[in-house]
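Notes follow once the structure below has been shown.
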Amino acid sequence: MPNDRKINSTAACISLMLEGCELKKVRSNSRMYSRFFVLDADMRSVRWEPSKKDSEKAKIEIKSVKEVRVGKKTPVLRSNGLSDQFPDECAFSIIYGDNYESLDLVASSADVVSAWVMGLRYLVSYGKHSPEAPGTGHPSLRTSWISSVFDLADLEKSGRIPVSRAVQLIKALNPGMKTSTIELKFKELQKASERPGTEVACDLFVEAYCELCTRPEIFFLLVQFSSNKEYLGVKDLLMFLEVEQGMEGVTEEKCLEIVSKYEPSKEGREKGYLAIDGFTRYLLSADCSIFDPQHRKVCQDMAQPLSHYYISSAHSACLLEDNFWGRSDISGYISALGLGCRSIELVLWDGPDGEPVVYTSPSAASCVPFRAVVGLIDQHAFTASAYPLILCLVVRCSAPQQRLAAQCLRKTLGEKLYLEPPNPVASYLPSPEELKGRILIKGKKLPPTCEDSEGEVSDEEEGWELARRLGQEDREAPEGGGLRRVRLSRELSELVSLCQAVPFQDFESSRRGQRYWEMCSFSEVEAGRFANECPAELVSYNKRFLSRVYPSPMRIDASNMNPQDFWKCGCQMVAMNYQTPGLMMDLNAGWFRQNGACGYVLRPAIMREEVSYFSANAKDSLPGVPAQLLHLKVISGQNLPKPKGSGAKGEVVEPYVCAEIHGIPADCAEHRTKTALQSGDNPIFDESLEFQINLPELAVLRFVVLDDDYIGDEFIAQYTIPFECLQPGYRHVPLQSLAGEPLPHATLFVHVAITDRRGGGKGHRRGLAGRRGRRVREYTSTKATGIKAIDEVFRTATQPLREATDLRENVQNALVSFKELCGLTPAANMKQCILTVSTWLLHSDSAPSVTLNLAEQYPPMEAQGPIPDLLRKVLTAYETMIQTSRTLIESADAVYGKLIQAQQAGGSWRAAPAPPRLWHVLGGSGLPVPGQAVGGWAAELCGREQAEWGRLMRKRGRVISCQTPEHN
């Protein structure tokens, strides 16, 4: 297709088909032949030549066409010999005839495929009737609307308007489009029509608008669902919202609201029609965002202990630049609090006027008075979030100035300060819900034995790098090594309640002696070492205690660590340099959007439950956590800005998109699209990517748009979104700058589908070819511990877990088989399958009547009379799917009962039941089974602490022998 050929209407598609073009015809023997395909002038048949067949046989009548499929969705195109020879978007198939034969074709580009598919679907939709060539006769809904817009702009009523006014009119109708692009289009059309000048007529304005403002990929989508291929009626829109967008409970009233809100033409709004411009506006709107609107407000359980949440935390919030030469400014705190930050670090130093100040750089041009910072915190603490704010005090000032600081905090913050002593009977911190509107002070506390107005406490906190630069490090250094000691005033000590800072010794000491209101801070290096060497112990530690990770003092440029490295270990507070943009701040900002941007995100269940084993370095699927597949199609980009500093390349931007998954090591992956060459501001990528997500609750998806340059790829835009916030269907991604600021009108158009992974273990080949190969089914297994009672319990639980695995996989396999026979991918939903089968039947004179009885508990799909082979296979696959689903539903209680029996047998060894789940110990069945803890009694039998029970299990949750011979 010529590069300047625009698909902006059905007429353009039919025109291309009437001219004809070369396509490759694929045969069942996997060989391809180039043929010239053309639509007959009467638009009743598609022919091809040369052909060995008689000319009357080398054709397909439009009335015999049952379906037009895009992509490799027939057995021929899926075959191993062809699957890698051409991209999915360049293939399409015509299903025709009473026997549902397929004509499989490969085009030179996705644009050619779109034109043929749109044109064929338009022709097929008219059935027996002979359609008129679209674009002739009565003007379309869209043309009438654009003409009316022109008439309003024609103030002189002369039938012509100045080019400058026409340019501004199109810009107003399509924000983001460049003035130069519109002016160039008018010059091209004026030259082609031999009507140069400073004014344009209505017909030329309509033509320019249609060519500039029609996005082919959206028009293609409209044609798929439109009954008449020019606009969506209410029923069409309802079908699109249910089938593609995954919306539930959609009504015709809701569809009329959408039409009323987004359709620009008065006639369309009155008739309930959504034409291409209204459809485009709707897809670009916040109502159709990729970010699930449920997550725009607090949507997680906020009644869990504070240690069960990730907490948005800032480091050096008062700095505007780097740690060494950076300027301090009070606006840094306003910015951080406005972004939902719930933990702010304040380093207190002796001020020159006898009052403490806050700054972190010896070269700072000015310091910030502590009193001013506290006043600002009082004013802005709860503007973005009502949940508790934690002030991390690092004391570097003298005792007299500490007293002034304490008085300032009490006087300014008043009742917002949380000063109640910890409950000694409790085992966990209060919840964010209980602490709403309160400010907690995290800091050192004098020992109970100290009765003086001040005393010495150990100090292992951050801030010593700065002290060394100030020449103060020798003043507090202890003789003979050990922890440093600092003087602490009683007034400041008494402000610390639930966040008492204590030095970390080791995990065993913390397990035995640390109290729930005590918390430790770790340097980035120390936390990184624990994350690599003993990740399971760090996860277990963070189930009960708060931990804070602060950047290495070597980061003098205020760069950021990767918060995912510590989130995956359960660390709640990872202190970030908010003033430094980049990948790490993108991850942090994106992550904390998912719970109404309130600064608190509930950690995954596997990180909260007492008896569950999770290693942050897991390289595979996790027991008890169903893995999912993310099917992501990057379709196009809109209004992409030029990268900064790209003046040397002029106007040429050749973008590509990287999709990155950040999470546990098993999930981290990156795929990129091809480069869109000479694409301008609105490139077409049309590329499918796939990711396996083993721990969805901790995964983040980041889109990065880069300019492909031989010197070095340049950043254009990004957007980061938690996996749990993704909405399925066709969505626009609102792109942001490197600093996280929205880029006006810059978007990516994508399609998102999320499915359960088939089976266990690593991802495997999908599709018909993959299904034919026999794959060994993975079951939960156990290894003898040498303790007869334990071994017997696990032995009785193994068989029902195998049954559960069989039930699950049989249903999944039957579902995929049915979808593929319908010509759909495993990512399709059941509504799409039923819609496809109904489409086959509607476009056939001789097809049998097929009924779907929804009144039945397990709805049968039955045909009356003889049926062709393909339809018989589809109905058989549907019946298999229904039967496997029925077996699962009717057998689930019995399998569950067997698991409960095994669980009760284990529970009889315990003095008291515990809330965690047997599921995490046995692992891997895919069916969560709540119940009492097995870990406790097993650990007791082994003479171990319950927290050490994790060492009896592999990372997949399977029992192995104890590590020491005496416990085998």
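FYI, nothing fancy with the structure tokens labels: chains A, B, ... in order, residues from 1 per chain, ligands from 1 as they appear.
Excluding Val425 (chain A) itself and any same-chain residue fewer than 4 positions from it, the protein and nucleic acid residues within 12 Å of it, counting only C-alpha atoms, are A:Pro421, A:Leu429, A:Arg515, A:Tyr516, A:Trp517.
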Only N, CA, C and O atoms, please: the residues just picked out, written as a CSV table (one decimal), in the first residue's frame.
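As written to disk, out-v7.csv reads:
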```
chain,number,residue,atom,x,y,z
A,421,PRO,N,1.1,5.1,74.8
A,421,PRO,CA,2.1,4.0,74.9
A,421,PRO,C,1.6,2.8,74.2
A,421,PRO,O,0.4,2.5,74.1
A,429,LEU,N,1.3,-4.0,65.5
A,429,LEU,CA,1.0,-2.5,65.5
A,429,LEU,C,-0.4,-2.3,65.1
A,429,LEU,O,-1.1,-3.1,64.5
A,515,ARG,N,10.4,-6.2,70.2
A,515,ARG,CA,9.0,-5.9,70.4
A,515,ARG,C,8.3,-5.3,69.2
A,515,ARG,O,9.0,-4.6,68.5
A,516,TYR,N,7.0,-5.5,69.1
A,516,TYR,CA,6.4,-5.1,67.8
A,516,TYR,C,6.5,-3.6,67.5
A,516,TYR,O,6.4,-3.2,66.4
A,517,TRP,N,6.6,-2.8,68.6
A,517,TRP,CA,6.7,-1.3,68.3
A,517,TRP,C,8.1,-0.8,68.1
A,517,TRP,O,8.3,0.4,67.9
```
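With only C-alpha atoms taken into account, the protein and nucleic acid residues at most 10 Å from region 178-188 of chain A (excluding it and anything under 6 positions from it in its own chain) are Val163, Ser164, Ala166, Val167, Gln168, Ile170, Lys171, Glu194, Arg195, Pro196, Gly197, Thr198, Glu199, Val200, Leu204, Phe205, Glu207, Ala208, Tyr209, Glu211, Leu212, Asn639, Gly680 and Asp681 of chain A.
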Would you mind exporting N, CA, C and O atoms of the selected residues as an mmCIF file, in the first residue's frame?
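Output saved as selection-v4.cif:
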```cif
data_model
loop_
_atom_site.group_PDB
_atom_site.id
_atom_site.type_symbol
_atom_site.label_atom_id
_atom_site.label_comp_id
_atom_site.auth_asym_id
_atom_site.auth_seq_id
_atom_site.Cartn_x
_atom_site.Cartn_y
_atom_site.Cartn_z
ATOM 1 N N VAL A 163 -7.579 29.635 5.054
ATOM 2 C CA VAL A 163 -6.808 28.446 5.435
ATOM 3 C C VAL A 163 -6.425 28.516 6.911
ATOM 4 O O VAL A 163 -6.502 27.514 7.627
ATOM 5 N N SER A 164 -6.042 29.708 7.371
ATOM 6 C CA SER A 164 -5.633 29.849 8.771
ATOM 7 C C SER A 164 -6.780 29.482 9.721
ATOM 8 O O SER A 164 -6.572 28.838 10.751
ATOM 9 N N ALA A 166 -9.292 27.460 8.950
ATOM 10 C CA ALA A 166 -9.509 26.016 8.790
ATOM 11 C C ALA A 166 -8.502 25.220 9.617
ATOM 12 O O ALA A 166 -8.850 24.203 10.234
ATOM 13 N N VAL A 167 -7.247 25.715 9.659
ATOM 14 C CA VAL A 167 -6.214 25.044 10.455
ATOM 15 C C VAL A 167 -6.580 25.086 11.935
ATOM 16 O O VAL A 167 -6.510 24.068 12.644
ATOM 17 N N GLN A 168 -6.980 26.256 12.431
ATOM 18 C CA GLN A 168 -7.327 26.376 13.837
ATOM 19 C C GLN A 168 -8.558 25.549 14.187
ATOM 20 O O GLN A 168 -8.664 24.997 15.292
ATOM 21 N N ILE A 170 -9.468 22.635 12.788
ATOM 22 C CA ILE A 170 -9.073 21.228 12.900
ATOM 23 C C ILE A 170 -8.267 21.007 14.175
ATOM 24 O O ILE A 170 -8.420 19.978 14.850
ATOM 25 N N LYS A 171 -7.435 21.973 14.533
ATOM 26 C CA LYS A 171 -6.678 21.853 15.795
ATOM 27 C C LYS A 171 -7.613 21.813 16.994
ATOM 28 O O LYS A 171 -7.386 21.073 17.959
ATOM 29 N N GLU A 194 -6.028 21.390 -7.925
ATOM 30 C CA GLU A 194 -5.729 22.570 -8.735
ATOM 31 C C GLU A 194 -6.560 23.772 -8.298
ATOM 32 O O GLU A 194 -7.121 24.508 -9.097
ATOM 33 N N ARG A 195 -6.653 23.914 -6.950
ATOM 34 C CA ARG A 195 -7.388 25.053 -6.392
ATOM 35 C C ARG A 195 -6.520 25.774 -5.356
ATOM 36 O O ARG A 195 -6.847 25.804 -4.169
ATOM 37 N N PRO A 196 -5.373 26.311 -5.777
ATOM 38 C CA PRO A 196 -4.513 27.001 -4.806
ATOM 39 C C PRO A 196 -5.162 28.308 -4.348
ATOM 40 O O PRO A 196 -6.091 28.807 -4.974
ATOM 41 N N GLY A 197 -4.662 28.816 -3.225
ATOM 42 C CA GLY A 197 -5.191 30.071 -2.717
ATOM 43 C C GLY A 197 -5.136 30.110 -1.207
ATOM 44 O O GLY A 197 -4.647 29.186 -0.550
ATOM 45 N N THR A 198 -5.681 31.189 -0.661
ATOM 46 C CA THR A 198 -5.649 31.367 0.796
ATOM 47 C C THR A 198 -6.950 30.927 1.453
ATOM 48 O O THR A 198 -7.113 31.081 2.660
ATOM 49 N N GLU A 199 -7.885 30.390 0.664
ATOM 50 C CA GLU A 199 -9.152 29.936 1.200
ATOM 51 C C GLU A 199 -9.432 28.501 0.755
ATOM 52 O O GLU A 199 -8.883 28.024 -0.240
ATOM 53 N N VAL A 200 -10.297 27.807 1.516
ATOM 54 C CA VAL A 200 -10.667 26.436 1.171
ATOM 55 C C VAL A 200 -12.183 26.315 1.183
ATOM 56 O O VAL A 200 -12.876 26.965 1.971
ATOM 57 N N LEU A 204 -13.185 20.420 0.369
ATOM 58 C CA LEU A 204 -11.765 20.233 0.648
ATOM 59 C C LEU A 204 -11.506 20.174 2.148
ATOM 60 O O LEU A 204 -10.662 19.400 2.617
ATOM 61 N N PHE A 205 -12.265 20.971 2.917
ATOM 62 C CA PHE A 205 -12.125 20.931 4.370
ATOM 63 C C PHE A 205 -12.534 19.563 4.914
ATOM 64 O O PHE A 205 -11.860 18.996 5.779
ATOM 65 N N GLU A 207 -12.501 16.724 3.318
ATOM 66 C CA GLU A 207 -11.489 15.748 2.910
ATOM 67 C C GLU A 207 -10.246 15.839 3.793
ATOM 68 O O GLU A 207 -9.691 14.814 4.222
ATOM 69 N N ALA A 208 -9.808 17.059 4.078
ATOM 70 C CA ALA A 208 -8.618 17.246 4.924
ATOM 71 C C ALA A 208 -8.872 16.697 6.338
ATOM 72 O O ALA A 208 -8.019 16.005 6.913
ATOM 73 N N TYR A 209 -10.056 17.008 6.876
ATOM 74 C CA TYR A 209 -10.371 16.532 8.228
ATOM 75 C C TYR A 209 -10.374 15.003 8.274
ATOM 76 O O TYR A 209 -9.791 14.397 9.190
ATOM 77 N N GLU A 211 -8.870 12.840 6.388
ATOM 78 C CA GLU A 211 -7.540 12.250 6.231
ATOM 79 C C GLU A 211 -6.662 12.470 7.454
ATOM 80 O O GLU A 211 -5.876 11.605 7.832
ATOM 81 N N LEU A 212 -6.810 13.628 8.088
ATOM 82 C CA LEU A 212 -5.953 13.952 9.228
ATOM 83 C C LEU A 212 -6.455 13.328 10.534
ATOM 84 O O LEU A 212 -5.652 12.913 11.375
ATOM 85 N N ASN A 639 0.706 11.692 19.023
ATOM 86 C CA ASN A 639 1.275 12.998 19.418
ATOM 87 C C ASN A 639 2.530 12.842 20.269
ATOM 88 O O ASN A 639 2.700 13.522 21.290
ATOM 89 N N GLY A 680 6.569 9.867 11.928
ATOM 90 C CA GLY A 680 6.036 11.127 12.420
ATOM 91 C C GLY A 680 5.598 11.023 13.871
ATOM 92 O O GLY A 680 6.134 10.242 14.655
ATOM 93 N N ASP A 681 4.538 11.787 14.216
ATOM 94 C CA ASP A 681 4.091 11.845 15.609
ATOM 95 C C ASP A 681 3.155 10.695 15.969
ATOM 96 O O ASP A 681 2.869 10.482 17.136
#
```
| request: With a distance cut-off of 9 Å and only C-alpha atoms, select the neighbouring residues of region 39-51 of chain A, excluding the residue or stretch itself and same-chain residues fewer than 4 positions from it, and output the selection as a count of residues only. | output: 22
Contacts of region 286-289 of chain A at 7 Å or less, counting only C-alpha atoms, minus same-chain residues fewer than 4 places along, as a PDB file with N, CA and C atoms, in the first residue's frame?
```pdb
ATOM      1  N   TYR A 282     -14.298   8.743  22.953  1.00  0.00           N
ATOM      2  CA  TYR A 282     -14.578   7.863  24.091  1.00  0.00           C
ATOM      3  C   TYR A 282     -13.351   7.037  24.461  1.00  0.00           C
ATOM      4  N   ARG A 731      -7.312   0.228  25.251  1.00  0.00           N
ATOM      5  CA  ARG A 731      -7.089   1.340  26.190  1.00  0.00           C
ATOM      6  C   ARG A 731      -6.002   2.273  25.681  1.00  0.00           C
ATOM      7  N   HIS A 732      -6.082   3.521  26.127  1.00  0.00           N
ATOM      8  CA  HIS A 732      -5.014   4.488  25.856  1.00  0.00           C
ATOM      9  C   HIS A 732      -4.159   4.667  27.111  1.00  0.00           C
TER      10      HIS A 732
END
```
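Considering only C-alpha atoms, the residue among A:Lys898, A:Arg396, A:Lys568, A:Lys297 positioned nearest to Thr798 (chain A) is A:Lys898.
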Got a sec: who's within 10 Å of region 331-340 of chain A, counting only C-alpha atoms, leaving out chain neighbours fewer than 5 positions off, as a ChimeraX atom specification? /A:311-320,345,373,376-377,379-387,389,577-579,589,592-593,596-600
For those residues, write N, CA, C and O atoms to a file as a CSV table (one decimal), in the first residue's frame.
```csv
chain,number,residue,atom,x,y,z
A,311,ILE,N,4.8,1.5,52.6
A,311,ILE,CA,4.5,2.9,53.0
A,311,ILE,C,5.4,3.9,52.2
A,311,ILE,O,6.6,3.7,52.2
A,312,SER,N,4.8,4.8,51.5
A,312,SER,CA,5.5,5.7,50.6
A,312,SER,C,6.4,6.6,51.5
A,312,SER,O,6.0,7.3,52.4
A,313,SER,N,7.7,6.5,51.2
A,313,SER,CA,8.7,7.2,52.1
A,313,SER,C,9.7,8.0,51.3
A,313,SER,O,10.1,7.7,50.2
A,314,ALA,N,10.0,9.2,51.9
A,314,ALA,CA,11.0,10.1,51.3
A,314,ALA,C,12.2,10.2,52.1
A,314,ALA,O,12.3,10.1,53.3
A,315,HIS,N,13.3,10.5,51.4
A,315,HIS,CA,14.6,10.7,52.0
A,315,HIS,C,15.1,12.1,51.4
A,315,HIS,O,15.1,12.4,50.3
A,316,SER,N,15.6,12.9,52.4
A,316,SER,CA,16.1,14.2,52.0
A,316,SER,C,15.0,15.0,51.2
A,316,SER,O,15.3,15.5,50.1
A,317,ALA,N,13.8,15.1,51.7
A,317,ALA,CA,12.7,15.7,50.9
A,317,ALA,C,13.0,17.2,50.7
A,317,ALA,O,12.4,17.8,49.8
A,318,CYS,N,13.8,17.8,51.6
A,318,CYS,CA,14.0,19.3,51.5
A,318,CYS,C,15.0,19.6,50.4
A,318,CYS,O,15.1,20.8,50.0
A,319,LEU,N,15.7,18.6,49.8
A,319,LEU,CA,16.7,18.9,48.8
A,319,LEU,C,16.0,19.1,47.5
A,319,LEU,O,15.1,18.3,47.1
A,320,LEU,N,16.4,20.0,46.7
A,320,LEU,CA,15.9,20.2,45.3
A,320,LEU,C,16.8,19.5,44.3
A,320,LEU,O,16.4,19.3,43.2
A,345,GLU,N,11.8,12.1,56.4
A,345,GLU,CA,13.0,12.1,57.2
A,345,GLU,C,13.3,13.6,57.6
A,345,GLU,O,13.3,14.5,56.7
A,373,VAL,N,9.5,24.0,59.1
A,373,VAL,CA,9.2,22.7,58.5
A,373,VAL,C,8.0,22.1,59.3
A,373,VAL,O,7.0,21.5,58.6
A,376,LEU,N,4.8,23.7,58.2
A,376,LEU,CA,4.3,23.2,56.9
A,376,LEU,C,3.7,21.8,57.0
A,376,LEU,O,2.7,21.5,56.3
A,377,ILE,N,4.3,21.0,57.8
A,377,ILE,CA,3.8,19.6,57.9
A,377,ILE,C,2.4,19.6,58.6
A,377,ILE,O,1.5,18.9,58.1
A,379,GLN,N,0.3,21.9,58.2
A,379,GLN,CA,-0.6,22.4,57.2
A,379,GLN,C,-0.9,21.4,56.1
A,379,GLN,O,-2.1,21.3,55.6
A,380,HIS,N,0.0,20.6,55.7
A,380,HIS,CA,-0.1,19.8,54.5
A,380,HIS,C,-0.1,18.3,54.8
A,380,HIS,O,-0.2,17.5,53.9
A,381,ALA,N,0.0,17.9,56.1
A,381,ALA,CA,0.2,16.4,56.4
A,381,ALA,C,-0.9,15.6,55.8
A,381,ALA,O,-0.6,14.4,55.3
A,382,PHE,N,-2.1,16.0,55.8
A,382,PHE,CA,-3.3,15.1,55.4
A,382,PHE,C,-4.1,15.7,54.3
A,382,PHE,O,-5.2,15.3,54.1
A,383,THR,N,-3.4,16.5,53.4
A,383,THR,CA,-4.2,17.0,52.3
A,383,THR,C,-4.3,16.0,51.2
A,383,THR,O,-5.4,15.9,50.5
A,384,ALA,N,-3.3,15.1,51.0
A,384,ALA,CA,-3.4,14.0,50.0
A,384,ALA,C,-3.9,12.7,50.5
A,384,ALA,O,-4.3,11.9,49.8
A,385,SER,N,-3.7,12.5,51.8
A,385,SER,CA,-4.0,11.2,52.5
A,385,SER,C,-4.4,11.4,53.9
A,385,SER,O,-3.7,12.2,54.6
A,386,ALA,N,-5.4,10.7,54.4
A,386,ALA,CA,-5.8,10.8,55.8
A,386,ALA,C,-5.1,9.8,56.7
A,386,ALA,O,-5.3,9.9,57.9
A,387,TYR,N,-4.3,9.0,56.1
A,387,TYR,CA,-3.7,7.9,56.9
A,387,TYR,C,-2.4,8.4,57.5
A,387,TYR,O,-1.8,9.4,57.1
A,389,LEU,N,1.0,9.7,59.2
A,389,LEU,CA,2.3,10.2,58.7
A,389,LEU,C,3.4,9.9,59.7
A,389,LEU,O,3.2,10.1,60.9
A,577,ASN,N,14.6,9.5,47.0
A,577,ASN,CA,15.0,10.9,46.8
A,577,ASN,C,13.9,11.4,45.8
A,577,ASN,O,14.1,11.2,44.5
A,578,TYR,N,12.9,12.0,46.3
A,578,TYR,CA,11.8,12.4,45.4
A,578,TYR,C,12.2,13.4,44.4
A,578,TYR,O,11.5,13.6,43.3
A,579,GLN,N,13.3,14.1,44.6
A,579,GLN,CA,13.7,15.2,43.7
A,579,GLN,C,14.4,14.6,42.5
A,579,GLN,O,14.7,15.4,41.6
A,589,ALA,N,6.4,5.9,42.2
A,589,ALA,CA,5.2,6.7,41.9
A,589,ALA,C,4.0,5.9,41.4
A,589,ALA,O,2.9,6.0,41.8
A,592,PHE,N,2.5,3.4,44.2
A,592,PHE,CA,1.6,3.9,45.2
A,592,PHE,C,0.4,4.6,44.7
A,592,PHE,O,-0.4,5.2,45.4
A,593,ARG,N,0.1,4.5,43.4
A,593,ARG,CA,-1.2,5.0,42.8
A,593,ARG,C,-2.3,4.0,43.1
A,593,ARG,O,-3.5,4.4,43.0
A,596,GLY,N,-5.7,4.5,45.8
A,596,GLY,CA,-6.1,5.9,45.9
A,596,GLY,C,-5.0,6.8,46.2
A,596,GLY,O,-5.3,7.9,46.7
A,597,ALA,N,-3.8,6.5,45.9
A,597,ALA,CA,-2.6,7.3,46.2
A,597,ALA,C,-2.6,7.8,47.6
A,597,ALA,O,-2.2,8.9,47.9
A,598,CYS,N,-3.0,6.9,48.5
A,598,CYS,CA,-3.0,7.3,49.9
A,598,CYS,C,-1.7,7.1,50.7
A,598,CYS,O,-1.6,7.3,51.8
A,599,GLY,N,-0.7,6.5,50.0
A,599,GLY,CA,0.6,6.3,50.6
A,599,GLY,C,0.8,4.9,51.2
A,599,GLY,O,1.9,4.6,51.7
A,600,TYR,N,-0.3,4.1,51.3
A,600,TYR,CA,-0.2,2.8,51.9
A,600,TYR,C,-0.7,1.8,50.8
A,600,TYR,O,-1.8,2.0,50.2
```
As a ChimeraX atom specification, which residues of region 29-199 of chain A does DSSP assign to strand (DSSP E or B)? /A:32-39,45-49,59-61,65-70,91-96,101-106,160-162,199
Contacts of Ile716 (chain A) at 7 Å or less, counting only C-alpha atoms, minus same-chain residues fewer than 2 places along, as a VMD selection string? chain A and resid 641 to 643 705 to 707 714
Would you write out those residues with N, CA, C and O atoms, as an mmCIF file, in the first residue's frame?
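Output (part.cif):
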```
data_model
loop_
_atom_site.group_PDB
_atom_site.id
_atom_site.type_symbol
_atom_site.label_atom_id
_atom_site.label_comp_id
_atom_site.auth_asym_id
_atom_site.auth_seq_id
_atom_site.Cartn_x
_atom_site.Cartn_y
_atom_site.Cartn_z
ATOM 1 N N PRO A 641 6.070 13.483 21.593
ATOM 2 C CA PRO A 641 6.969 14.647 21.488
ATOM 3 C C PRO A 641 8.356 14.220 21.022
ATOM 4 O O PRO A 641 8.724 13.040 21.112
ATOM 5 N N LYS A 642 9.097 15.192 20.557
ATOM 6 C CA LYS A 642 10.500 14.903 20.217
ATOM 7 C C LYS A 642 11.292 14.780 21.505
ATOM 8 O O LYS A 642 11.031 15.486 22.476
ATOM 9 N N PRO A 643 12.287 13.889 21.538
ATOM 10 C CA PRO A 643 13.122 13.797 22.744
ATOM 11 C C PRO A 643 13.937 15.061 22.920
ATOM 12 O O PRO A 643 14.261 15.757 21.955
ATOM 13 N N VAL A 705 8.814 4.829 25.869
ATOM 14 C CA VAL A 705 8.916 5.147 24.444
ATOM 15 C C VAL A 705 10.286 5.780 24.210
ATOM 16 O O VAL A 705 10.645 6.765 24.870
ATOM 17 N N LEU A 706 11.054 5.194 23.285
ATOM 18 C CA LEU A 706 12.408 5.658 23.008
ATOM 19 C C LEU A 706 12.565 5.974 21.533
ATOM 20 O O LEU A 706 11.883 5.387 20.678
ATOM 21 N N ASP A 707 13.478 6.869 21.238
ATOM 22 C CA ASP A 707 13.801 7.211 19.856
ATOM 23 C C ASP A 707 15.011 6.385 19.438
ATOM 24 O O ASP A 707 16.077 6.464 20.054
ATOM 25 N N GLU A 714 17.169 7.656 22.701
ATOM 26 C CA GLU A 714 16.792 8.809 23.511
ATOM 27 C C GLU A 714 15.395 8.633 24.090
ATOM 28 O O GLU A 714 14.481 8.148 23.418
#
```
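Interatomic distance, CA of Ser615 (chain A) against CA of His308 (chain A): 16.9 Å.
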| said: Using Å and a single decimal, report how far CA of Asp620 (chain A) sits from CA of Ser817 (chain A). | reply: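 That distance, rounded to one decimal, is 25.9 Å.
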- Could you give me, as an NGL selection string, the residues within 8 Å of region 66-77 of chain A, counting only C-alpha atoms and dropping anything in the same chain fewer than 5 positions from it? :A and (26-28 or 30 or 82-83 or 88-97 or 100 or 102 or 104 or 113 or 117 or 120-121 or 768 or 820 or 823-825 or 839-841 or 843-844)
* Asked: Separation of CA of Phe545 (chain A) and CA of Arg484 (chain A), in Å?
  ->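 Answer for the CA of Phe545 (chain A) to CA of Arg484 (chain A) separation: 23.6 Å.
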Problem - Filtered DSSP result for region 263-421 of chain A, state helix (DSSP H, G or I), as a VMD selection string - result: chain A and resid 266 to 271 276 to 284 286 to 288 293 to 296 306 to 308 331 to 338 370 to 380 399 to 416
